[in-house]
Amino acid sequence: MNSKSRYVWAYAMIAPTLLGTVLFWSWPAVYSIYLSFLKSENFGLVNHWVGFANYERLFQDPEFWRNLRNTLYYAVLFVPLTLVFSTFFAVLLNAKIRGLSAYRVFFFLPQVTMPAAAAMVWVVLFAQDYGFINYVLGTHVAWISDTRFAMFALVIVGVWGAIGLNMLLILAGLQGIPRVLYEAAEIDGAVRFRKFRYITLPLLTPTLFFTSVVLMIGATQIFDSIYLLIGKTNVALPAVRSLVYAYYQNAFVYYDQNYAAAIVDVLLVINLILTGLQFAFQKKWVIYD
Amino acid sequence: MATRSQARSGKSNWPIHLVLIAASVVIIVPFLWMVLTSLKTVTEATQIPVKIFPSHPDWSSYAKAFEKSDFKHYYLNTAFSAFMKTVFPVIFSSMAAYAFARIRFPGRTILFFVVISVMMVPNPVFYTPQYLLMSQWGLVNTVTALWICSLVSPFATFMLRQFFLGISKELEEAAILDGCNPFQTFRYIMLPLVKSALVAIVIIHLLWSWNELQWPLIINSSPDKLTLSSGLATLVSMFSTNYPILMAGAFMAVIPMIVLFFIFQKRFIEGVAFSAHKG
């Protein structure tokens with residue numbers, strides 16, 4: 001077959017994906033940036049170019065800074081906690097115990113659960129007067145309506161949902177560490193903690209770094225659990241409102257699409273930085289592999 | 001295998017099991033609580049002190065949730081859009097991934113970059129322009145709007161390309177010598193070789209579409225056009241503290257995926273773990 005007809009086949013085979021991607025994803029991404037430089041009136045029928053006005057307004061808005069801080073605060077709590085718990089359980093599961101697959105199923109269950117439904121049951125669990133959590137702890141905390149605790153409630157739900165998958169990714173990393181290293185350490189008389197500190201942890205670093213970047217990207221986009229766990233009428237909402245939640249409110253509740261576009265473009269920049277880190281690191285990883 | 005390594009370690013693992021069992025219990029408490037609450041009466045659900053088990057299971061909340069909101073449509077819309085958002089991306093992406101991986105053609109690198117570059121962009125960035133596009137096409141508040149933007153999947157294209165790259169050339173060359181055109185080579189020789197990756201892609205797309213909240217919430221508002229996720233959000237505003245009804249609704253929304261998960265556990269776990277390695 002000559003190369004020209006091979007080209008035709010190739011273009012035909014990529015056409016649906018390429019056209020669909022450009023129409024439904026690439027163009028919207030570009031248009032979203034363009035929108036942030038406009039001021040739209042009459043539901044977008046009239047558009048004025050306003051330069052950086054939306055960004056100026058954004059950077060002078062204390063609410064934006066608070067939302068940005070909330071988002072980062074959530075990520076800073078959620079990512080390390082998820083990593084610590086996931087690593088802990090992965091190390092336990094790596095001890096070649098019986099029943100690994102049963103534990104895996106239990107830990108993984110939150111991963112297949114609709115976040116909206118999960119948030120709803122956590123509302124019931126966190127309830128102040130008749131909630132199971134206060135009942136077990138013997139406390140009387142307004143977990144989701146007290147500005148001091150709402151963020152922790154959100155983080156608990158997030159970690160609960162993320163342990164299953166990340167534990168497995170870390171377990172896979174652990175299983176990649178050659179046994180000889182531990183045997184050598186045992187001959188040297190190393191105790192369990194020292195083996196973890198000086199063999200496991202350094203060799204697990206690539207996995208942990210990769211996992212934390214992926215978790216961080218997910219954490220900066222938190223929306224579902226704020227929408228359903230905290231809710232739009234909750235007094236604690238300002239204490240947990242994320243960038244994506246603020247985007248949603250501005251775009252589809254206040255119908256200020258230009259301001260909303262500016263918010264979400266800040267998120268885009270954050271995510272590009274994180275993805276850049278991931279790529280830079282993957283290159284390094286390949287060399288050391 | 002297990003017994004041998006246990007014999008080698010020479011001691012029982014019961015402290016590890018104790019910790020893992022305790023953690024498993026903590027992890028499944030929300031599921032138990034969901035079911036228990038859905039079977040309580042409203043009074044029992046908000047009783048002080050907390051009543052863990054209903055005095056006798058009251059199933060009526062399921063019927064109420066089903067009738068008073070539009071659960072029939074939530075199910076149909078969710079299942080149908082999950083189907084569309086899985087089948088089409090898998091077909092389109094596998095074709096594109098094969099071409100990108102195995103055929104040399106002008107513009108291959110740049111076009112591939114165009115497709116995968118959107119993977120770096122967080123989803124909310126797309127929503128406003130996609131909404132404007134839907135409204136231009138008169139699709140706001142339709143079932144079509146739920147799935148049309150997701151007919152293609154850059155993610156699946158990226159993942160499958162990796163798999164096609166890993167297959168040796170010989171089979172393919174034999175097929176070409178036999179007179180197969182590139183599509184036939186793809187369909188009959190190469191596609192069967194990436195079956196496990198296809199299964200993983202199917203599972204992850206099914207799961208994503210089933211559980212997605214933000215886009216359905218933005219694009220549709222009529223009760224008969226909602227999905228299970230956005231339907232649950234409506235249920236919350238309808239029955240703010242009627243916990244048995246809310247939990248019955250939540251249970252009905254999660255149970256199909258959980259049943260599928262129990263049937264295909266290994267495939268599910270592999271599929272989701274595999275998708276985490278994107279990027």
# chains A, B, ... in the order shown; residues from 1 in each chain; ligands from 1

call {"tool": "closest_atom_pairs", "arguments": {"of": "chain A", "to": "chain B", "cutoff": "6 Å", "atoms": "only C-alpha atoms", "output": "JSON lines"}}
result
{"residue": "A:Tyr7", "atom": "CA", "partner": "B:Phe105", "partner_atom": "CA", "distance": 5.4}
{"residue": "A:Ala10", "atom": "CA", "partner": "B:Ala99", "partner_atom": "CA", "distance": 5.2}
{"residue": "A:Met13", "atom": "CA", "partner": "B:Ala96", "partner_atom": "CA", "distance": 5.3}
{"residue": "A:Ile14", "atom": "CA", "partner": "B:Ala96", "partner_atom": "CA", "distance": 4.1}
{"residue": "A:Thr17", "atom": "CA", "partner": "B:Val152", "partner_atom": "CA", "distance": 5.4}
{"residue": "A:Gly20", "atom": "CA", "partner": "B:Val152", "partner_atom": "CA", "distance": 5.9}
{"residue": "A:Phe24", "atom": "CA", "partner": "B:Cys149", "partner_atom": "CA", "distance": 5.4}
{"residue": "A:Pro28", "atom": "CA", "partner": "B:Pro129", "partner_atom": "CA", "distance": 4.9}
{"residue": "A:Ala29", "atom": "CA", "partner": "B:Phe126", "partner_atom": "CA", "distance": 5.5}
{"residue": "A:Phe106", "atom": "CA", "partner": "B:Ser24", "partner_atom": "CA", "distance": 5.9}
{"residue": "A:Thr113", "atom": "CA", "partner": "B:Val254", "partner_atom": "CA", "distance": 5.8}
{"residue": "A:Met114", "atom": "CA", "partner": "B:Asn211", "partner_atom": "CA", "distance": 4.6}
{"residue": "A:Ala116", "atom": "CA", "partner": "B:Ser229", "partner_atom": "CA", "distance": 5.9}
{"residue": "A:Ala117", "atom": "CA", "partner": "B:Ala250", "partner_atom": "CA", "distance": 4.8}
{"residue": "A:Val121", "atom": "CA", "partner": "B:Met34", "partner_atom": "CA", "distance": 5.9}
{"residue": "A:Tyr130", "atom": "CA", "partner": "B:Thr46", "partner_atom": "CA", "distance": 5.5}
{"residue": "A:Val264", "atom": "CA", "partner": "B:Val125", "partner_atom": "CA", "distance": 5.7}

call {"tool": "atom_distance", "arguments": {"atom1": "CA of Thr71 in chain A", "atom2": "CA of Leu243 in chain A"}}
result
6.5 Å

call {"tool": "atom_distance", "arguments": {"atom1": "CA of Leu168 in chain A", "atom2": "CA of Ser86 in chain A"}}
result
8.0 Å

call {"tool": "residues_around", "arguments": {"residues": "Leu137 in chain A", "least_positions_apart": "6", "cutoff": "12 Å", "atoms": "only C-alpha atoms", "output": "list in words"}}
result
Leu125, Phe126, Gln128 and Gly131 of chain A

call {"tool": "atom_distance", "arguments": {"atom1": "CA of Asn54 in chain A", "atom2": "CA of Lys39 in chain A"}}
result
8.1 Å

call {"tool": "select_by_dssp", "arguments": {"residues": "range 86-138 of chain B", "states": "alpha helix (DSSP H)", "output": "number ranges by chain"}}
result
B: 86-102, 108-117, 124-136

call {"tool": "write_last_selection", "arguments": {"atoms": "C-alpha atoms", "output": "tab-separated table (two decimals), in the first residue's frame"}}
result
chain	number	residue	atom	x	y	z
B	86	THR	CA	-18.25	5.19	27.34
B	87	VAL	CA	-18.95	3.52	24.00
B	88	PHE	CA	-18.11	6.43	21.71
B	89	PRO	CA	-14.90	7.52	23.41
B	90	VAL	CA	-13.69	3.91	23.39
B	91	ILE	CA	-14.37	3.46	19.66
B	92	PHE	CA	-13.02	6.86	18.60
B	93	SER	CA	-10.04	6.81	20.94
B	94	SER	CA	-8.87	3.34	20.02
B	95	MET	CA	-8.90	4.25	16.30
B	96	ALA	CA	-7.10	7.53	16.90
B	97	ALA	CA	-4.64	5.98	19.34
B	98	TYR	CA	-3.74	3.29	16.80
B	99	ALA	CA	-3.14	5.85	14.06
B	100	PHE	CA	-1.08	8.08	16.35
B	101	ALA	CA	1.00	5.13	17.55
B	102	ARG	CA	1.52	3.05	14.42
B	108	ARG	CA	1.24	13.45	13.60
B	109	THR	CA	3.12	15.04	16.50
B	110	ILE	CA	1.34	18.36	16.44
B	111	LEU	CA	-2.12	16.83	16.08
B	112	PHE	CA	-1.42	14.44	18.94
B	113	PHE	CA	-0.33	17.37	21.05
B	114	VAL	CA	-3.56	19.21	20.20
B	115	VAL	CA	-5.55	16.25	21.51
B	116	ILE	CA	-3.64	15.61	24.72
B	117	SER	CA	-3.02	19.24	25.64
B	124	PRO	CA	-14.31	23.88	35.18
B	125	VAL	CA	-12.35	25.91	32.61
B	126	PHE	CA	-14.44	24.30	29.86
B	127	TYR	CA	-17.87	24.67	31.40
B	128	THR	CA	-18.86	28.25	30.53
B	129	PRO	CA	-17.90	28.02	26.83
B	130	GLN	CA	-19.45	24.55	26.60
B	131	TYR	CA	-22.60	25.96	28.14
B	132	LEU	CA	-22.62	28.80	25.60
B	133	LEU	CA	-22.13	26.27	22.81
B	134	MET	CA	-25.01	24.13	24.07
B	135	SER	CA	-27.22	27.17	24.34
B	136	GLN	CA	-26.32	28.20	20.79

call {"tool": "closest_residue", "arguments": {"among": "A:Ile263, A:Val112, A:Met167, A:Val46", "to": "Ala251 in chain A", "atoms": "only C-alpha atoms"}}
result
A:Ile263
